[in-house]
Every structure is written in C-alpha cells, then in structure tokens.
$ cat data18.txt   # compact mmCIF, C-alpha atoms and all ligand atoms
# COMPACT_ATOMS: atom_id res chain seq x y z
CA MET A 30 70.58 5.51 41.49
CA GLY A 31 70.15 8.40 39.15
CA ILE A 32 72.90 8.77 36.59
CA GLY A 33 73.23 11.67 34.24
CA ASP A 34 75.00 11.56 30.92
CA ARG A 35 74.98 14.94 29.23
CA PHE A 36 76.22 13.77 25.85
CA GLY A 37 74.82 10.25 25.89
CA PHE A 38 78.04 8.29 25.27
CA GLN A 39 78.58 6.59 28.61
CA GLY A 40 75.55 4.32 29.13
CA ASN A 41 77.61 1.21 28.50
CA TYR A 42 80.30 2.19 31.02
CA GLN A 43 77.80 3.40 33.60
CA LEU A 44 75.97 0.11 33.39
CA GLN A 45 79.19 -1.80 34.05
CA ALA A 46 79.25 -0.23 37.52
CA PHE A 47 75.75 -1.59 38.22
CA GLU A 48 76.82 -5.02 36.95
CA ARG A 49 79.77 -4.96 39.30
CA ALA A 50 77.53 -4.00 42.26
CA LEU A 51 75.18 -6.83 41.35
CA ALA A 52 78.09 -9.25 41.20
CA GLU A 53 78.95 -8.12 44.74
CA GLY A 54 75.41 -8.81 45.91
CA ILE A 55 73.76 -5.37 45.72
CA GLU A 56 71.01 -4.69 43.22
CA ILE A 57 70.96 -1.03 42.25
CA THR A 58 68.49 0.17 39.63
CA PRO A 59 69.95 2.54 37.04
CA VAL A 60 67.86 5.62 36.30
CA TRP A 61 69.13 7.74 33.41
CA ASN A 62 68.07 11.26 34.30
CA LYS A 63 68.15 14.44 32.24
CA SER A 64 66.45 17.73 32.93
CA ASN A 65 64.78 20.07 30.49
CA ARG A 66 67.57 22.58 31.04
CA GLU A 67 70.20 19.99 30.07
CA HIS A 68 68.28 19.01 26.96
CA ILE A 69 68.08 22.63 25.86
CA LEU A 70 71.77 23.36 26.48
CA VAL A 71 73.03 20.17 24.83
CA HIS A 72 70.40 20.13 22.04
CA THR A 73 69.03 16.71 22.85
CA VAL A 74 65.50 15.37 23.29
CA PRO A 75 64.11 12.84 25.80
CA GLU A 76 64.05 10.16 23.08
CA ASP A 77 67.86 10.33 22.98
CA VAL A 78 68.05 9.29 26.64
CA ARG A 79 65.56 6.49 26.02
CA ARG A 80 67.66 5.24 23.11
CA GLU A 81 70.85 5.34 25.16
CA ALA A 82 69.27 3.41 28.04
CA ASP A 83 67.67 0.83 25.77
CA GLU A 84 70.87 0.34 23.78
CA ALA A 85 73.14 0.04 26.80
CA THR A 86 70.86 -2.43 28.58
CA ALA A 87 70.36 -4.50 25.41
CA ARG A 88 74.05 -4.53 24.56
CA ARG A 89 75.04 -5.64 28.05
CA ASN A 90 72.03 -7.93 28.44
CA TRP A 91 70.90 -6.17 31.64
CA GLN A 92 67.90 -8.18 32.84
CA ARG A 93 66.89 -5.98 35.79
CA ASP A 94 64.81 -2.83 35.99
CA TYR A 95 66.03 0.45 34.58
CA PHE A 96 64.34 3.80 34.07
CA VAL A 97 64.50 7.02 32.07
CA ASP A 98 63.87 10.03 34.29
CA ALA A 99 62.27 13.28 33.16
CA ASP A 100 64.28 15.19 35.72
CA HIS A 101 63.00 18.34 37.43
CA ILE A 102 60.05 18.80 35.11
CA ASN A 103 56.90 20.83 35.66
CA ASN A 104 53.61 21.36 33.89
CA SER A 105 55.16 23.74 31.35
CA ASN A 106 57.50 21.11 29.87
CA VAL A 107 56.22 17.66 30.91
CA GLU A 108 54.52 16.99 27.57
CA LYS A 109 57.68 16.37 25.59
CA PHE A 110 58.91 13.82 28.14
CA ILE A 111 55.76 11.70 28.26
CA GLY A 112 56.57 9.25 25.48
CA ALA A 113 60.22 8.53 26.29
CA SER A 114 60.21 8.61 30.10
CA ASP A 115 58.94 6.19 32.71
CA PHE A 116 60.25 8.08 35.75
CA PHE A 117 59.18 11.67 36.38
CA THR A 118 60.71 14.03 38.91
CA LEU A 119 57.99 16.56 39.62
CA ASP A 120 59.80 19.71 40.67
CA VAL A 121 57.53 21.99 42.67
CA ALA A 122 60.20 24.00 44.49
CA ASP A 123 59.22 27.20 42.68
CA PHE A 124 55.69 26.96 44.08
CA ILE A 125 56.66 26.81 47.74
CA GLY A 126 55.22 29.74 49.69
CA LYS A 127 52.53 30.64 47.15
CA ALA A 128 49.11 31.36 48.64
CA VAL A 129 46.19 28.94 48.35
CA PRO A 130 42.49 29.83 48.79
CA GLU A 131 41.46 30.00 52.45
CA LYS A 132 39.07 27.05 52.03
CA ASP A 133 41.94 24.84 50.85
CA SER A 134 44.12 25.56 53.84
CA THR A 135 41.15 25.11 56.17
CA ALA A 136 40.48 21.72 54.58
CA PHE A 137 44.16 20.82 54.99
CA VAL A 138 44.10 21.71 58.68
CA SER A 139 40.91 19.78 59.37
CA SER A 140 42.26 16.69 57.56
CA PHE A 141 45.33 16.58 59.76
CA LYS A 142 43.90 17.96 63.01
CA LYS A 143 43.96 14.52 64.54
CA TYR A 144 47.77 14.76 64.68
CA ALA A 145 47.66 17.94 66.78
CA GLY A 146 49.16 17.74 70.25
CA GLN A 147 52.13 15.46 70.86
CA LEU A 148 52.89 13.41 67.80
CA SER A 149 55.14 10.42 68.38
CA VAL A 150 56.90 8.86 65.43
CA PRO A 151 58.21 5.34 66.11
CA GLY A 152 61.99 5.40 66.47
CA ILE A 153 62.25 9.14 67.17
CA PRO A 154 62.80 9.64 70.90
CA ARG A 155 61.07 12.99 71.45
CA PRO A 156 57.50 13.64 70.29
CA PHE A 157 56.78 16.54 67.92
CA GLU A 158 54.58 19.39 69.21
CA ILE A 159 51.89 20.03 66.64
CA SER A 160 49.31 22.80 66.96
CA GLU A 161 46.62 23.96 64.54
CA LYS A 162 48.86 26.95 63.96
CA THR A 163 51.67 24.59 62.87
CA LEU A 164 49.29 22.99 60.39
CA HIS A 165 48.19 26.39 59.05
CA GLU A 166 51.83 27.36 58.58
CA ILE A 167 52.64 24.15 56.73
CA ALA A 168 49.61 24.68 54.47
CA GLY A 169 50.72 28.26 53.81
CA LYS A 170 54.18 27.14 52.86
CA TYR A 171 53.61 23.91 50.94
CA LEU A 172 49.99 23.37 49.91
CA PHE A 173 50.20 25.29 46.64
CA ALA A 174 53.29 23.29 45.65
CA ILE A 175 51.55 20.03 46.59
CA GLN A 176 48.54 20.95 44.46
CA GLU A 177 50.93 21.70 41.60
CA ALA A 178 52.49 18.24 42.02
CA GLY A 179 48.94 16.87 41.77
CA ALA A 180 48.35 18.75 38.52
CA ILE A 181 51.60 17.53 36.91
CA TYR A 182 50.92 13.99 38.08
CA GLN A 183 47.42 14.13 36.55
CA THR A 184 48.84 15.27 33.23
CA ILE A 185 51.18 12.27 33.16
CA GLU A 186 48.59 9.79 34.40
CA ASN A 187 46.04 10.93 31.82
CA LYS A 188 48.52 10.22 29.05
CA LYS A 189 50.32 7.13 30.32
CA GLY A 190 47.92 5.40 32.72
CA SER A 191 48.68 4.94 36.39
CA ASP A 192 50.89 1.85 36.46
CA SER A 193 53.34 2.71 33.73
CA PHE A 194 55.59 5.22 35.45
CA VAL A 195 57.37 6.07 38.68
CA ALA A 196 56.93 9.51 40.23
CA GLU A 197 59.29 11.45 42.44
CA VAL A 198 58.38 14.74 44.10
CA SER A 199 61.29 17.15 44.51
CA MET A 200 61.57 20.29 46.61
CA ASP A 201 65.33 20.32 46.89
CA GLU A 202 66.35 23.36 44.87
CA VAL A 203 65.39 25.88 47.55
CA ALA A 204 67.20 27.75 50.30
CA ASP A 205 65.40 26.37 53.37
CA PRO A 206 65.32 22.69 54.30
CA GLN A 207 62.02 20.99 55.01
CA THR A 208 61.90 19.57 58.54
CA PRO A 209 61.00 15.91 59.07
CA ILE A 210 57.60 16.90 60.42
CA GLU A 211 56.91 19.16 57.45
CA LEU A 212 57.84 16.20 55.27
CA PHE A 213 55.26 14.09 57.12
CA PHE A 214 52.39 16.46 56.33
CA ILE A 215 53.65 17.11 52.79
CA MET A 216 53.44 13.36 52.15
CA GLY A 217 49.96 13.21 53.69
CA ALA A 218 48.75 16.04 51.48
CA LEU A 219 50.38 14.53 48.37
CA SER A 220 48.43 11.38 49.09
CA MET A 221 45.21 13.41 49.31
CA GLU A 222 46.08 15.01 45.96
CA LYS A 223 46.29 11.46 44.58
CA VAL A 224 49.98 11.69 43.78
CA ARG A 225 51.29 8.12 43.89
CA PHE A 226 54.97 8.86 44.46
CA SER A 227 57.79 6.35 44.97
CA THR A 228 60.57 8.70 45.98
CA ILE A 229 60.67 12.13 47.59
CA ALA A 230 63.52 14.62 47.46
CA PRO A 231 63.49 17.19 50.24
CA LYS A 232 66.03 19.94 50.75
CA PHE A 233 68.32 18.75 53.52
CA THR A 234 70.29 20.84 56.00
CA GLY A 235 73.59 22.04 54.53
CA ARG A 236 74.87 22.74 51.03
CA PHE A 237 74.57 20.11 48.30
CA ASN A 238 76.78 21.71 45.72
CA LYS A 239 77.15 20.05 42.35
CA GLY A 240 80.01 17.63 42.02
CA VAL A 241 81.75 18.42 45.31
CA ASP A 242 81.49 17.30 48.91
CA TYR A 243 78.77 18.18 51.40
CA ALA A 244 79.24 21.48 53.22
CA GLY A 245 77.51 21.68 56.56
CA ASP A 246 77.02 20.06 59.94
CA ILE A 247 77.40 16.30 59.40
CA LYS A 248 75.76 15.39 62.73
CA ALA A 249 72.76 17.63 62.03
CA PHE A 250 72.44 16.10 58.57
CA ALA A 251 72.61 12.56 59.97
CA ARG A 252 69.91 13.28 62.56
CA GLU A 253 67.64 14.85 59.93
CA PHE A 254 68.27 12.05 57.42
CA GLU A 255 67.42 9.39 60.00
CA GLU A 256 64.30 11.25 61.14
CA ASP A 257 63.21 11.63 57.51
CA ILE A 258 63.56 7.87 57.02
CA LEU A 259 61.53 7.15 60.17
CA VAL A 260 58.90 9.72 59.20
CA ILE A 261 58.59 8.14 55.75
CA ASP A 262 57.98 4.77 57.41
CA PHE A 263 55.32 6.23 59.67
CA ALA A 264 53.66 8.24 56.88
CA THR A 265 53.60 5.16 54.63
CA LYS A 266 51.40 3.42 57.19
CA GLU A 267 49.29 6.46 58.14
CA PHE A 268 48.56 7.59 54.58
CA ASP A 269 48.79 4.28 52.72
CA LEU A 270 51.70 5.48 50.56
CA SER A 271 53.64 3.36 48.04
CA PRO A 272 55.35 0.44 49.77
CA GLY A 273 59.11 0.85 49.58
CA LEU A 274 58.83 4.63 49.34
CA LYS A 275 62.34 6.04 49.31
CA LEU A 276 64.07 9.18 50.37
CA SER A 277 65.86 10.75 47.42
CA VAL A 278 69.13 12.64 47.75
CA HIS A 279 69.71 15.12 44.95
CA SER A 280 73.11 16.30 43.93
CA GLY A 281 73.89 13.15 45.86
CA SER A 282 77.09 12.39 44.00
CA ASP A 283 80.39 13.31 45.60
CA LYS A 284 78.98 13.81 49.11
CA PHE A 285 81.76 11.67 50.49
CA SER A 286 81.75 13.06 54.03
CA ILE A 287 78.11 12.09 54.64
CA TYR A 288 78.16 8.70 52.85
CA PRO A 289 79.28 6.82 55.99
CA GLU A 290 76.29 8.28 57.90
CA MET A 291 73.87 7.53 55.07
CA ALA A 292 75.24 3.99 54.76
CA ARG A 293 74.96 3.40 58.51
CA ILE A 294 71.39 4.70 58.72
CA ILE A 295 69.96 2.85 55.72
CA ARG A 296 71.52 -0.36 57.00
CA LYS A 297 70.25 0.21 60.52
CA HIS A 298 66.67 0.60 59.24
CA ASP A 299 66.99 -1.76 56.26
CA LYS A 300 65.91 0.94 53.79
CA GLY A 301 66.73 1.75 50.22
CA ILE A 302 67.39 5.26 48.97
CA HIS A 303 67.41 7.00 45.65
CA LEU A 304 70.75 8.68 45.12
CA LYS A 305 70.64 11.08 42.23
CA THR A 306 74.09 11.97 40.97
CA ALA A 307 74.70 15.50 39.75
CA GLY A 308 75.46 14.86 36.11
CA THR A 309 79.14 14.50 36.94
CA THR A 310 79.69 11.84 34.28
CA TRP A 311 80.68 14.61 31.92
CA LEU A 312 83.49 15.61 34.30
CA GLU A 313 84.87 12.10 33.90
CA GLU A 314 84.86 12.67 30.16
CA VAL A 315 86.97 15.80 30.57
CA THR A 316 89.27 13.93 32.99
CA GLY A 317 89.71 11.16 30.43
CA LEU A 318 90.42 13.66 27.66
CA ALA A 319 93.06 15.36 29.79
CA MET A 320 94.72 12.00 30.51
CA ALA A 321 94.68 11.13 26.81
CA GLY A 322 97.02 14.07 26.15
CA GLY A 323 97.68 15.57 22.70
CA GLU A 324 94.69 17.17 21.00
CA ALA A 325 92.32 15.83 23.61
CA LEU A 326 94.24 17.63 26.37
CA VAL A 327 94.26 20.82 24.30
CA LEU A 328 90.49 20.48 24.01
CA ALA A 329 90.06 19.98 27.77
CA LYS A 330 92.13 23.12 28.39
CA GLY A 331 90.11 24.99 25.78
CA ILE A 332 86.87 24.05 27.52
CA TYR A 333 88.26 25.35 30.80
CA ALA A 334 89.53 28.58 29.23
CA ARG A 335 86.15 29.37 27.68
CA ALA A 336 84.30 28.41 30.86
CA TYR A 337 86.64 30.72 32.79
CA GLU A 338 85.87 33.65 30.47
CA ARG A 339 82.13 33.06 30.71
CA ARG A 340 81.97 31.96 34.33
CA GLU A 341 79.35 34.48 35.41
CA ASP A 342 76.85 33.47 32.72
CA LEU A 343 77.48 29.77 33.26
CA CYS A 344 77.10 29.96 37.02
CA ALA A 345 73.98 32.14 37.20
CA PRO A 346 71.37 29.37 36.67
CA TYR A 347 73.10 27.20 39.28
CA ALA A 348 73.49 29.78 42.04
CA SER A 349 71.77 27.69 44.74
CA VAL A 350 73.84 24.57 44.02
CA ILE A 351 77.42 25.78 43.48
CA ASP A 352 79.92 27.78 45.56
CA ILE A 353 82.85 28.89 43.47
CA HIS A 354 85.60 31.07 44.90
CA ALA A 355 86.72 32.95 41.78
CA ASP A 356 90.04 33.83 43.40
CA ARG A 357 90.91 30.14 43.65
CA LEU A 358 90.36 29.46 39.95
CA PRO A 359 93.64 29.11 38.05
CA GLY A 360 93.91 31.43 35.06
CA PRO A 361 93.72 29.82 31.60
CA ALA A 362 97.38 30.74 30.97
CA THR A 363 98.39 28.71 34.02
CA VAL A 364 96.25 25.76 32.98
CA ALA A 365 97.70 25.92 29.47
CA GLY A 366 101.05 24.88 30.96
CA TRP A 367 99.65 21.87 32.84
CA SER A 368 100.34 18.25 32.00
CA GLY A 369 97.37 15.96 31.43
CA GLU A 370 98.01 14.36 34.77
CA LYS A 371 98.00 17.70 36.58
CA PHE A 372 94.74 18.67 34.86
CA ALA A 373 93.10 15.32 35.65
CA ASN A 374 94.23 15.45 39.29
CA SER A 375 92.90 18.99 39.66
CA LEU A 376 89.51 17.95 38.33
CA ARG A 377 89.08 14.45 39.73
CA HIS A 378 87.32 14.38 43.09
CA ILE A 379 89.87 12.89 45.46
CA PRO A 380 89.55 14.97 48.66
CA GLY A 381 92.94 15.67 50.17
CA HIS A 382 94.82 15.19 46.90
CA PRO A 383 97.26 18.10 46.71
CA ASP A 384 96.14 19.02 43.17
CA PHE A 385 92.37 18.69 43.66
CA ASN A 386 90.62 22.02 43.07
CA PRO A 387 86.90 22.04 43.92
CA ASP A 388 86.42 25.50 42.40
CA LEU A 389 87.78 24.38 39.05
CA ARG A 390 85.69 21.22 39.29
CA GLN A 391 82.47 23.15 39.89
CA LEU A 392 83.20 25.57 37.08
CA ILE A 393 83.79 22.78 34.58
CA HIS A 394 80.67 21.08 35.95
CA VAL A 395 78.47 23.98 34.85
CA GLY A 396 80.50 24.40 31.67
CA TYR A 397 78.98 21.55 29.67
CA LYS A 398 77.35 24.15 27.45
CA ILE A 399 80.86 24.94 26.19
CA ALA A 400 81.47 21.32 25.24
CA ALA A 401 78.12 21.33 23.45
CA GLU A 402 79.33 24.36 21.49
CA TYR A 403 82.43 22.45 20.41
CA GLY A 404 79.95 20.07 18.78
CA ASP A 405 81.57 17.30 16.77
CA VAL A 406 85.05 18.29 17.93
CA TYR A 407 84.01 17.32 21.46
CA ARG A 408 81.98 14.30 20.45
CA ASN A 409 84.74 12.90 18.26
CA ALA A 410 87.35 13.41 20.97
CA VAL A 411 85.24 11.43 23.45
CA LYS A 412 84.63 8.71 20.86
CA SER A 413 88.32 8.49 19.94
CA ASN A 414 89.23 8.01 23.59
CA ALA A 415 86.21 5.92 24.52
CA ASP A 416 87.95 3.30 26.65
CA LEU A 417 90.10 5.69 28.65
CA VAL A 418 87.12 8.00 29.24
CA GLY A 419 84.80 5.08 30.01
CA LYS A 420 87.22 3.77 32.60
CA GLN A 421 86.98 7.09 34.47
CA VAL A 422 83.18 6.93 34.32
CA TYR A 423 83.07 3.39 35.64
CA GLU A 424 85.60 3.96 38.43
CA ASN A 425 83.90 7.12 39.60
CA LEU A 426 80.51 5.47 39.80
CA PHE A 427 81.59 2.19 41.31
CA GLU A 428 84.62 2.95 43.46
CA ARG A 429 83.82 6.43 44.71
CA HIS A 430 80.04 6.09 44.97
CA MET A 431 78.46 2.65 45.03
CA ARG A 432 81.18 1.03 47.08
CA ARG A 433 81.05 3.72 49.73
CA ILE A 434 77.30 3.74 50.22
CA PHE A 435 76.00 0.35 49.34
CA LEU A 436 78.76 -2.23 49.80
ZN ZN B 501 67.47 17.98 42.25
$ encode --input "data18.txt" --output "structure tokens"
Amino acid sequence: MGIGDRFGFQGNYQLQAFERALAEGIEITPVWNKSNREHILVHTVPEDVRREADEATARRNWQRDYFVDADHINNSNVEKFIGASDFFTLDVADFIGKAVPEKDSTAFVSSFKKYAGQLSVPGIPRPFEISEKTLHEIAGKYLFAIQEAGAIYQTIENKKGSDSFVAEVSMDEVADPQTPIELFFIMGALSMEKVRFSTIAPKFTGRFNKGVDYAGDIKAFAREFEEDILVIDFATKEFDLSPGLKLSVHSGSDKFSIYPEMARIIRKHDKGIHLKTAGTTWLEEVTGLAMAGGEALVLAKGIYARAYERREDLCAPYASVIDIHADRLPGPATVAGWSGEKFANSLRHIPGHPDFNPDLRQLIHVGYKIAAEYGDVYRNAVKSNADLVGKQVYENLFERHMRRIFL
C-alpha cells in the first residue's frame, strides 16, 4: 500500500495502521511514495522520505518489509532518487502514442504473432479476437513507452544492481484506459525489454480523482479489474514475469464505491494488489488542525483562503486527476465563520455526510504548496497538535481504507 506524506511528519501514525492490520491477520507492506513534483513543491529530497521510513519503522520496531518509492519518475529525474529509493514507479504515460522505427514495430508483431486469432485467457469467458492489425496498433500506441520504461529500468539497474529494488510501470495519468488485452501485450513487451516489474498501474475506466470517490460505471470497472487480474495471471505464465505480480491502483485512496468490488475480486482469485493512496495524508493534517481550534483553525482557514484565490494555478498540473466545480466552493468569507467541526466535516471524506464537500476537499488536496509556503508556521502547528492530527491519519488509513478492502 502506497502512502504519501507530503511533510514527512506522519510515518509513525501511518505505520500504526499497518500494525493494526497485521494484528487482525493481514500483512500489508507500507510503501512511502513521493513524486518529483511533490519534492519540488515542498522543498524536500528523496533522502527525507528514506529517513522518515527508517525512523518510523525503527521506532515502532516494524519487522516486516517496507519500501521508499520514487513515484512517477522518468529518465530526466531518476538519478536523484537512486540512493534513497528501493521502489521505482516508472511513469511512461507521456510516451504513449509516440512513433517507433518501422523495424521495431515489425519485430513486436512477429514476436506476438502466435497469439493472433482467438486468444483465450483462463477465467475470461469470451476469447479475444487478435489480428496482426491489432498487434500493429498496440505497437503504435505503446511500444515507444515500453522502450522508455526499458531505458529508465536500465539506468536504475546499472546503478543499484538487479535484486535491490522493486519496479512498477505506470501508465495511469492519461485520458484513455488500456484494455485488458492491451495490458497483456504491454507486459509481454516489457518482458522483452528486460523490465523486471512487480506491479503495473494501468489507467482504468472511469475517473480516479485525487482524494474523492470513483466517478464512473462501477460494473464496467469491476469487469475490467477482474479481466486485468486474470490477464496478469496468464501473462505471468506466458512471459515468465515476476511471481506475485500485482495490479496497482493509483489515486486508489478514497475510491469507496469500488472497494467492495475490488475486495470481492482479489479474494475470489486470491490475489494481492498495490493500492497507492493519493497523498491524502496531508488532508488529515488540515482536518486535525481544524479540530484543534484556535490558531490551528485560523491556519487551516488561511490555507483554504489562499488556495481559493490561487485555484487556477494550483489545479492546472492536476487537470486529469481532479474535477472541481468552482461554483460549489464556499467563499473564504463563509469559511472564516465556520467552527472547527464544520471545517473538519466539510473536508473529511465521509460520503453522505451533510457537510462533506468534495470540491473543497479536492482544492485543499492540490493546495499543499500553500502549506509549504507557510513554512515553519505550518510545521509547528502540526507538531503542536501531533496526537490529534495523527489520530486522523491513522483512522483514515485503517478504518476508511484497509478495513474496507483487506479485512
Ligand atoms: Zn499515479
């Protein structure tokens, strides 16, 4: 389970959720993830995440695996993550659709020609119709991105050696979902590019907005998710992929309406998944500050007011993963009059709660840059209210996420 922590204070409280899951019989591996973009906006470096993970696990005497994820990296920024990270999310979404030399796509097609015709995947009732044209189209769409994954992987392997890190390939931050059969050939080609990946993050059907529920057709998602899991099983055997290869769900936090389907399907097939949360831990910090009242509440309101003023700039980099209705955002003057409880209830993700406001929640989600600008004022407020804030972090992770999917 990927857990973000923008400001690096919550490792201890996050880990308590994993301890609780373990006590209830479910081993979940914590993966502290942070992207290059987050590091730049918060002024941190990958070594900070490593320190947080090492300190939290040492302090709590966590004896199981844990990882530090260089999240959504590419060849232009991987270098600075190499020392501190042992999990790398190779993001090749930007390279989808780029042209490869004709000889490369011809080689791709001839490698996979044996699957042309009717391709049956165990567990999926209807066979897939595969033609050479299908294969050419898949090569045209994905081969460049797959080669790029190979190049990033090589860079890491050359520096770290092959058995010292976990690799994930992500293609999730795009408009169009990959179909299960595309995923099959993508995995085959990744194997040919010598990318030894342990998790793969496709774009699924529907919207996976940051910090809020799934928006889309739940039945269509469930069918695709189950087919992806079956295709991964089949591809693992066909292409000799990593045993235990997992499907990875990005912006996977808060997708409460699809958790029952995910839980049912992974149980049915006895599979694990990688659930990457969307860095929502920082929203729990703001919730805790609001509940603390006094200066902390004033600070929470100040963060919202500034985020509101600068909403266009803050939202721009996240356009494909947020949907904010500006007309449903309360004005800062309105929020200024709120109690801490009203603020916390508006922000906390309890669907159906009369105060819950997903537009406000998404805006604050992308507003962590504002908190970073508050600098020590923000950091000291979180430290002064550590237990109240930490309780929000723990409850969110355990009660609203782990319990619903894994227990
Ligand atoms: Zn992602």
$ residues_near_ligand --input "data18.txt" --ligand "ligand ZN 501 (chain B)" --cutoff "9 Å" --atoms "only C-alpha atoms and all ligand atoms" --output "list of chain:residue names"
A:Asp100, A:His101, A:Thr118, A:Asp120, A:Ser199, A:Met200, A:Asp201, A:Glu202, A:Ala230, A:Pro231, A:Lys232, A:Val278, A:His279, A:Ser280, A:Gly281, A:Lys305, A:Ala307
$ atom_distance --input "data18.txt" --atom1 "CA of Leu164 in chain A" --atom2 "CA of Arg252 in chain A"
22.9 Å
$ residues_around --input "data18.txt" --residues "Lys127 in chain A" --least-positions-apart "2" --cutoff "7 Å" --atoms "only C-alpha atoms" --output "list in words"
Phe124, Ile125, Val129, Lys170 and Phe173 of chain A
$ closest_atom_pairs --input "data18.txt" --of "range 231-341 of chain A" --to "range 354-372 of chain A" --cutoff "10 Å" --atoms "only C-alpha atoms" --output "CSV"
residue,atom,partner,partner_atom,distance
A:Val315,CA,A:Phe372,CA,9.3
A:Thr316,CA,A:Phe372,CA,7.5
A:Gly317,CA,A:Gly369,CA,9.1
A:Leu318,CA,A:Gly369,CA,8.2
A:Ala319,CA,A:Gly369,CA,4.7
A:Met320,CA,A:Gly369,CA,4.9
A:Ala321,CA,A:Gly369,CA,7.2
A:Gly322,CA,A:Gly369,CA,5.6
A:Gly323,CA,A:Gly369,CA,8.7
A:Ala325,CA,A:Gly369,CA,9.3
A:Leu326,CA,A:Gly369,CA,6.2
A:Val327,CA,A:Ala365,CA,8.0
A:Ala329,CA,A:Phe372,CA,8.6
A:Lys330,CA,A:Ala365,CA,6.3
A:Gly331,CA,A:Pro361,CA,8.4
A:Ile332,CA,A:Pro361,CA,9.8
A:Tyr333,CA,A:Pro361,CA,7.1
A:Ala334,CA,A:Pro361,CA,5.0
A:Arg335,CA,A:Pro361,CA,8.5
A:Ala336,CA,A:Pro361,CA,9.6
A:Tyr337,CA,A:Pro361,CA,7.2
A:Glu338,CA,A:Pro361,CA,8.8
A:Arg340,CA,A:Ala355,CA,8.9
A:Glu341,CA,A:Ala355,CA,9.9
$ write_last_selection --input "data18.txt" --atoms "C-alpha atoms" --output "compact mmCIF listing (two decimals), keeping the file's coordinate frame"
# COMPACT_ATOMS: atom_id res chain seq x y z
CA VAL A 315 86.97 15.80 30.57
CA THR A 316 89.27 13.93 32.99
CA GLY A 317 89.71 11.16 30.43
CA LEU A 318 90.42 13.66 27.66
CA ALA A 319 93.06 15.36 29.79
CA MET A 320 94.72 12.00 30.51
CA ALA A 321 94.68 11.13 26.81
CA GLY A 322 97.02 14.07 26.15
CA GLY A 323 97.68 15.57 22.70
CA ALA A 325 92.32 15.83 23.61
CA LEU A 326 94.24 17.63 26.37
CA VAL A 327 94.26 20.82 24.30
CA ALA A 329 90.06 19.98 27.77
CA LYS A 330 92.13 23.12 28.39
CA GLY A 331 90.11 24.99 25.78
CA ILE A 332 86.87 24.05 27.52
CA TYR A 333 88.26 25.35 30.80
CA ALA A 334 89.53 28.58 29.23
CA ARG A 335 86.15 29.37 27.68
CA ALA A 336 84.30 28.41 30.86
CA TYR A 337 86.64 30.72 32.79
CA GLU A 338 85.87 33.65 30.47
CA ARG A 340 81.97 31.96 34.33
CA GLU A 341 79.35 34.48 35.41
$ closest_residue --input "data18.txt" --among "A:Asp262, A:Ile159, A:Ile102, A:Ser227" --to "Glu211 in chain A" --atoms "all atoms listed in the file"
A:Ile159
$ closest_atom_pairs --input "data18.txt" --of "range 218-252 of chain A" --to "range 385-389 of chain A" --cutoff "10 Å" --atoms "all atoms listed in the file" --output "CSV"
residue,atom,partner,partner_atom,distance
A:Gly240,CA,A:Pro387,CA,8.4
A:Val241,CA,A:Pro387,CA,6.4
A:Asp242,CA,A:Pro387,CA,8.8
$ atom_distance --input "data18.txt" --atom1 "CA of Lys297 in chain A" --atom2 "CA of Ile379 in chain A"
27.8 Å
$ closest_residue --input "data18.txt" --among "A:Leu274, A:Ser375, A:Lys142, A:Ala178" --to "Asp123 in chain A" --atoms "all atoms listed in the file"
A:Ala178
$ closest_residue --input "data18.txt" --among "A:Lys420, A:Lys284, A:Lys248, A:Arg225" --to "Leu119 in chain A" --atoms "only C-alpha atoms"
A:Arg225
$ closest_residue --input "data18.txt" --among "A:Glu131, A:Glu84, A:Asp115, A:Glu253" --to "Ala99 in chain A" --atoms "all atoms listed in the file"
A:Asp115
$ decode --input "data18.txt" --residues "range 90-104 of chain A" --atoms "N, CA and C atoms" --output "PDB file, in the first residue's frame"
ATOM      1  N   ASN A  90       9.574  -0.620  15.802  1.00  0.00           N
ATOM      2  CA  ASN A  90      10.083  -1.987  15.727  1.00  0.00           C
ATOM      3  C   ASN A  90       9.313  -2.826  14.706  1.00  0.00           C
ATOM      4  N   TRP A  91       9.087  -2.236  13.542  1.00  0.00           N
ATOM      5  CA  TRP A  91       8.393  -2.920  12.430  1.00  0.00           C
ATOM      6  C   TRP A  91       9.368  -3.910  11.796  1.00  0.00           C
ATOM      7  N   GLN A  92       9.037  -5.195  11.868  1.00  0.00           N
ATOM      8  CA  GLN A  92       9.989  -6.229  11.431  1.00  0.00           C
ATOM      9  C   GLN A  92       9.733  -6.710  10.009  1.00  0.00           C
ATOM     10  N   ARG A  93       8.680  -6.181   9.380  1.00  0.00           N
ATOM     11  CA  ARG A  93       8.323  -6.661   8.029  1.00  0.00           C
ATOM     12  C   ARG A  93       8.935  -5.740   6.981  1.00  0.00           C
ATOM     13  N   ASP A  94       8.661  -6.096   5.712  1.00  0.00           N
ATOM     14  CA  ASP A  94       9.164  -5.271   4.610  1.00  0.00           C
ATOM     15  C   ASP A  94       8.571  -3.864   4.638  1.00  0.00           C
ATOM     16  N   TYR A  95       9.306  -2.932   4.110  1.00  0.00           N
ATOM     17  CA  TYR A  95       8.773  -1.607   3.804  1.00  0.00           C
ATOM     18  C   TYR A  95       9.641  -1.019   2.695  1.00  0.00           C
ATOM     19  N   PHE A  96       9.080  -0.076   1.958  1.00  0.00           N
ATOM     20  CA  PHE A  96       9.801   0.478   0.812  1.00  0.00           C
ATOM     21  C   PHE A  96       9.677   1.999   0.749  1.00  0.00           C
ATOM     22  N   VAL A  97      10.614   2.582  -0.002  1.00  0.00           N
ATOM     23  CA  VAL A  97      10.576   4.019  -0.304  1.00  0.00           C
ATOM     24  C   VAL A  97      10.482   4.150  -1.828  1.00  0.00           C
ATOM     25  N   ASP A  98       9.378   4.730  -2.271  1.00  0.00           N
ATOM     26  CA  ASP A  98       9.020   4.736  -3.690  1.00  0.00           C
ATOM     27  C   ASP A  98       9.361   6.074  -4.361  1.00  0.00           C
ATOM     28  N   ALA A  99      10.181   5.988  -5.390  1.00  0.00           N
ATOM     29  CA  ALA A  99      10.425   7.133  -6.275  1.00  0.00           C
ATOM     30  C   ALA A  99       9.241   7.172  -7.238  1.00  0.00           C
ATOM     31  N   ASP A 100       8.262   7.983  -6.893  1.00  0.00           N
ATOM     32  CA  ASP A 100       6.942   7.876  -7.519  1.00  0.00           C
ATOM     33  C   ASP A 100       6.862   8.692  -8.812  1.00  0.00           C
ATOM     34  N   HIS A 101       6.366   8.050  -9.852  1.00  0.00           N
ATOM     35  CA  HIS A 101       6.174   8.731 -11.145  1.00  0.00           C
ATOM     36  C   HIS A 101       7.459   9.397 -11.643  1.00  0.00           C
ATOM     37  N   ILE A 102       8.534   8.646 -11.662  1.00  0.00           N
ATOM     38  CA  ILE A 102       9.790   9.224 -12.145  1.00  0.00           C
ATOM     39  C   ILE A 102      10.021   8.817 -13.606  1.00  0.00           C
ATOM     40  N   ASN A 103      10.928   9.523 -14.233  1.00  0.00           N
ATOM     41  CA  ASN A 103      11.316   9.177 -15.606  1.00  0.00           C
ATOM     42  C   ASN A 103      12.825   9.393 -15.737  1.00  0.00           C
ATOM     43  N   ASN A 104      13.326   9.237 -16.943  1.00  0.00           N
ATOM     44  CA  ASN A 104      14.783   9.279 -17.103  1.00  0.00           C
ATOM     45  C   ASN A 104      15.380  10.660 -16.811  1.00  0.00           C
TER      46      ASN A 104
END
